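Shown here: run-v7.pdb, PDB, C-alpha atoms.
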ATOM      1  CA  MET A   1     163.034  88.503  47.330
ATOM      2  CA  THR A   2     160.763  85.840  48.821
ATOM      3  CA  THR A   3     162.488  86.177  52.197
ATOM      4  CA  LYS A   4     161.816  89.938  52.243
ATOM      5  CA  LEU A   5     158.153  89.366  51.455
ATOM      6  CA  LEU A   6     157.866  86.695  54.126
ATOM      7  CA  LEU A   7     159.497  88.956  56.726
ATOM      8  CA  SER A   8     157.183  91.825  55.778
ATOM      9  CA  LEU A   9     154.106  89.635  56.128
ATOM     10  CA  LEU A  10     155.339  88.232  59.424
ATOM     11  CA  SER A  11     156.030  91.722  60.772
ATOM     12  CA  ALA A  12     152.601  92.943  59.712
ATOM     13  CA  THR A  13     150.947  89.960  61.391
ATOM     14  CA  VAL A  14     152.824  90.513  64.656
ATOM     15  CA  LEU A  15     151.966  94.231  64.654
ATOM     16  CA  ALA A  16     148.298  93.523  63.958
ATOM     17  CA  ALA A  17     148.159  90.950  66.764
ATOM     18  CA  GLY A  18     149.783  93.411  69.156
ATOM     19  CA  ALA A  19     147.364  96.180  68.225
ATOM     20  CA  SER A  20     144.329  93.950  68.697
ATOM     21  CA  GLY A  21     145.700  92.843  72.063
ATOM     22  CA  LEU A  22     145.995  96.469  73.181
ATOM     23  CA  ALA A  23     142.455  97.217  72.062
ATOM     24  CA  ALA A  24     141.149  94.210  73.971
ATOM     25  CA  ALA A  25     143.080  95.193  77.090
ATOM     26  CA  ALA A  26     141.671  98.715  76.932
ATOM     27  CA  GLU A  27     138.112  97.397  77.153
ATOM     28  CA  GLN A  28     138.048  95.286  80.302
ATOM     29  CA  PRO A  29     134.676  93.802  81.246
ATOM     30  CA  ARG A  30     132.550  96.126  83.380
ATOM     31  CA  ALA A  31     132.558  93.538  86.181
ATOM     32  CA  PHE A  32     136.341  93.962  86.427
ATOM     33  CA  LEU A  33     135.838  97.643  87.274
ATOM     34  CA  GLY A  34     133.915  96.992  90.499
ATOM     35  CA  LYS A  35     130.245  97.441  91.301
ATOM     36  CA  ALA A  36     127.709 100.127  92.107
ATOM     37  CA  ALA A  37     127.297 100.880  95.796
ATOM     38  CA  PRO A  38     124.170 102.203  97.488
ATOM     39  CA  GLU A  39     124.093 106.017  97.715
ATOM     40  CA  GLN A  40     123.767 105.858 101.485
ATOM     41  CA  SER A  41     126.864 103.642 101.860
ATOM     42  CA  SER A  42     129.882 105.220 103.462
ATOM     43  CA  ALA A  43     132.435 106.265 100.884
ATOM     44  CA  ASP A  44     136.185 106.284 101.444
ATOM     45  CA  LYS A  45     136.498 109.257  99.120
ATOM     46  CA  VAL A  46     134.276 111.923  97.540
ATOM     47  CA  ILE A  47     135.193 113.321  94.128
ATOM     48  CA  VAL A  48     133.409 116.391  92.758
ATOM     49  CA  ILE A  49     133.325 116.437  88.970
ATOM     50  CA  THR A  50     133.188 119.882  87.370
ATOM     51  CA  ASP A  51     133.406 121.126  83.787
ATOM     52  CA  ALA A  52     137.180 121.278  84.230
ATOM     53  CA  THR A  53     137.539 117.648  85.400
ATOM     54  CA  ARG A  54     139.189 115.529  82.731
ATOM     55  CA  TYR A  55     140.350 112.605  84.884
ATOM     56  CA  VAL A  56     140.008 111.139  88.372
ATOM     57  CA  ASN A  57     142.429 109.041  90.416
ATOM     58  CA  VAL A  58     141.133 106.264  92.630
ATOM     59  CA  THR A  59     142.622 103.179  94.261
ATOM     60  CA  GLY A  60     141.414  99.614  93.966
ATOM     61  CA  GLY A  61     139.442  98.676  97.073
ATOM     62  CA  GLN A  62     138.023 102.182  97.583
ATOM     63  CA  THR A  63     134.372 103.116  97.582
ATOM     64  CA  VAL A  64     134.034 106.514  95.913
ATOM     65  CA  ARG A  65     131.078 108.889  95.758
ATOM     66  CA  PHE A  66     131.123 110.998  92.585
ATOM     67  CA  VAL A  67     129.237 114.290  92.780
ATOM     68  CA  VAL A  68     128.225 115.973  89.535
ATOM     69  CA  GLY A  69     126.193 119.124  90.190
ATOM     70  CA  ASP A  70     123.070 118.048  92.071
ATOM     71  CA  ARG A  71     123.463 114.371  91.079
ATOM     72  CA  SER A  72     125.782 111.700  92.417
ATOM     73  CA  PHE A  73     126.608 108.019  92.233
ATOM     74  CA  THR A  74     128.743 105.723  94.350
ATOM     75  CA  TRP A  75     131.067 103.031  93.034
ATOM     76  CA  CYS A  76     133.029 100.346  94.863
ATOM     77  CA  PHE A  77     136.316  99.700  93.065
ATOM     78  CA  GLN A  78     136.582  96.105  94.310
ATOM     79  CA  THR A  79     138.059  95.166  90.990
ATOM     80  CA  GLY A  80     138.138  91.746  89.387
ATOM     81  CA  SER A  81     141.729  92.274  88.358
ATOM     82  CA  ALA A  82     144.935  93.266  90.105
ATOM     83  CA  HIS A  83     145.432  95.933  87.439
ATOM     84  CA  VAL A  84     142.706  98.009  85.791
ATOM     85  CA  VAL A  85     143.517  99.986  82.661
ATOM     86  CA  PRO A  86     142.236 103.597  82.479
ATOM     87  CA  PHE A  87     138.616 103.770  81.318
ATOM     88  CA  ASP A  88     135.887 106.296  80.569
ATOM     89  CA  LEU A  89     133.891 106.942  83.739
ATOM     90  CA  GLU A  90     130.735 106.884  81.592
ATOM     91  CA  ARG A  91     131.061 103.079  81.616
ATOM     92  CA  ILE A  92     130.062 102.993  85.298
ATOM     93  CA  ALA A  93     128.071 106.218  85.758
ATOM     94  CA  PRO A  94     124.292 106.252  85.462
ATOM     95  CA  GLN A  95     123.264 107.426  82.012
ATOM     96  CA  GLY A  96     123.204 111.195  81.605
ATOM     97  CA  VAL A  97     125.035 112.048  84.835
ATOM     98  CA  LEU A  98     128.388 113.036  83.320
ATOM     99  CA  PRO A  99     128.402 116.167  81.125
ATOM    100  CA  HIS A 100     131.622 115.139  79.307
ATOM    101  CA  HIS A 101     134.247 112.399  79.130
ATOM    102  CA  VAL A 102     136.203 111.786  82.324
ATOM    103  CA  VAL A 103     138.954 109.163  82.424
ATOM    104  CA  ALA A 104     139.277 107.053  85.581
ATOM    105  CA  TYR A 105     142.774 105.961  86.587
ATOM    106  CA  VAL A 106     142.650 103.119  89.109
ATOM    107  CA  ALA A 107     145.794 102.458  91.139
ATOM    108  CA  ASP A 108     146.377  98.845  92.086
ATOM    109  CA  ASN A 109     144.823  97.778  95.365
ATOM    110  CA  PRO A 110     147.619  97.893  97.964
ATOM    111  CA  LEU A 111     146.411  94.549  99.373
ATOM    112  CA  TYR A 112     147.504  92.828  96.163
ATOM    113  CA  GLN A 113     150.922  94.441  95.857
ATOM    114  CA  GLY A 114     153.894  92.262  96.669
ATOM    115  CA  ALA A 115     155.896  93.003  99.782
TER     116      ALA A 115
END
Let's see the structure in the file written out as structure tokens.
Amino acid sequence: MTTKLLLSLLSATVLAAGASGLAAAAEQPRAFLGKAAPEQSSADKVIVITDATRYVNVTGGQTVRFVVGDRSFTWCFQTGSAHVVPFDLERIAPQGVLPHHVVAYVADNPLYQGA
């Protein structure tokens, strides 16, 4: 009986540690996501966000101009990590620009991929 209890406690501990690790990975520091770029900088890509936009796909190393109605912002995805987990674009957008949640999926920068 004691062995069963010990195994149950051990399993619960491992599961809890795994879940907290996933939560931590999902919230990478903002600096790892890149940095704001001046509006007048040349962008590699322009993405128009509409009411129907639920996600965007970008690649590490790109500078992207996001257009939302009559407002826009530009972000340089020079990431601080080889792999960036999906995140809510509101984390990098100026406050009040996005009308709803939009998930950003960042593909790994091709410069860091093994040959």
Report task. Quick one: apply the PyMOL selection byres ((chain A and resi 61) around 8) to the file and drop the selected residues here as a ChimeraX atom specification. Result -> /A:59-60,62-63,76-79,109
Report task. Record the distance separating CA of Ala107 in chain A and CA of Gln40 in chain A, expressed in Å with one decimal. Result ->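 So the two atoms, CA of Ala107 in chain A and CA of Gln40 in chain A, lie 24.6 Å apart.
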Report task. Pick out the closest residue to His100 in chain A from this set: A:Ala52, A:Ala37, A:Val85, A:Ile47. Count all atoms listed in the file. Result ->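 Nearest candidate to His100 in chain A out of A:Ala52, A:Ala37, A:Val85, A:Ile47: A:Ala52.
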Query raised in the report: If the PyMOL selection byres ((chain A and resi 36) around 9) is run on the structure shown, which residues does it catch, given as a list in words?
Result: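 After applying the PyMOL selection byres ((chain A and resi 36) around 9), what remains is Gly34, Lys35, Ala37, Pro38, Glu39, Phe73, Thr74, Trp75, Cys76, Phe77, Ile92 and Ala93 of chain A.
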**Report entry** Non-local contacts of Arg54 in chain A (8 Å; all atoms listed in the file; under 6 positions in same chain excluded) as a ChimeraX atom specification
**Finding:** /A:101-103
Requested in this report: Could you tell me how far CA of Phe66 in chain A lies from CA of Thr53 in chain A, in Å and to one decimal?
Outcome: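 Atom-to-atom, CA of Phe66 in chain A to CA of Thr53 in chain A, that is 11.7 Å.
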Query raised in the report: How many Å lie between CA of Ser41 in chain A and CA of Gln95 in chain A, rounded to one decimal?
Result: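 A separation of 20.5 Å between them.
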Report task. Enumerate, as a PyMOL selection string, the residues matched when the PyMOL selection byres ((chain A and resi 57) around 6) is run on the file above. Result -> chain A and resi 56+58+105
Query raised in the report: Which polymer residues have any atom within 12 Å of an atom of Asp70 in chain A, counting all atoms listed in the file, with same-chain residues fewer than 5 positions away left out, as a list of chain:residue names?
Result: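 Once the adjacent positions are removed, what remains is A:Val48, A:Ile49, A:Thr50, A:Val97, A:Leu98.
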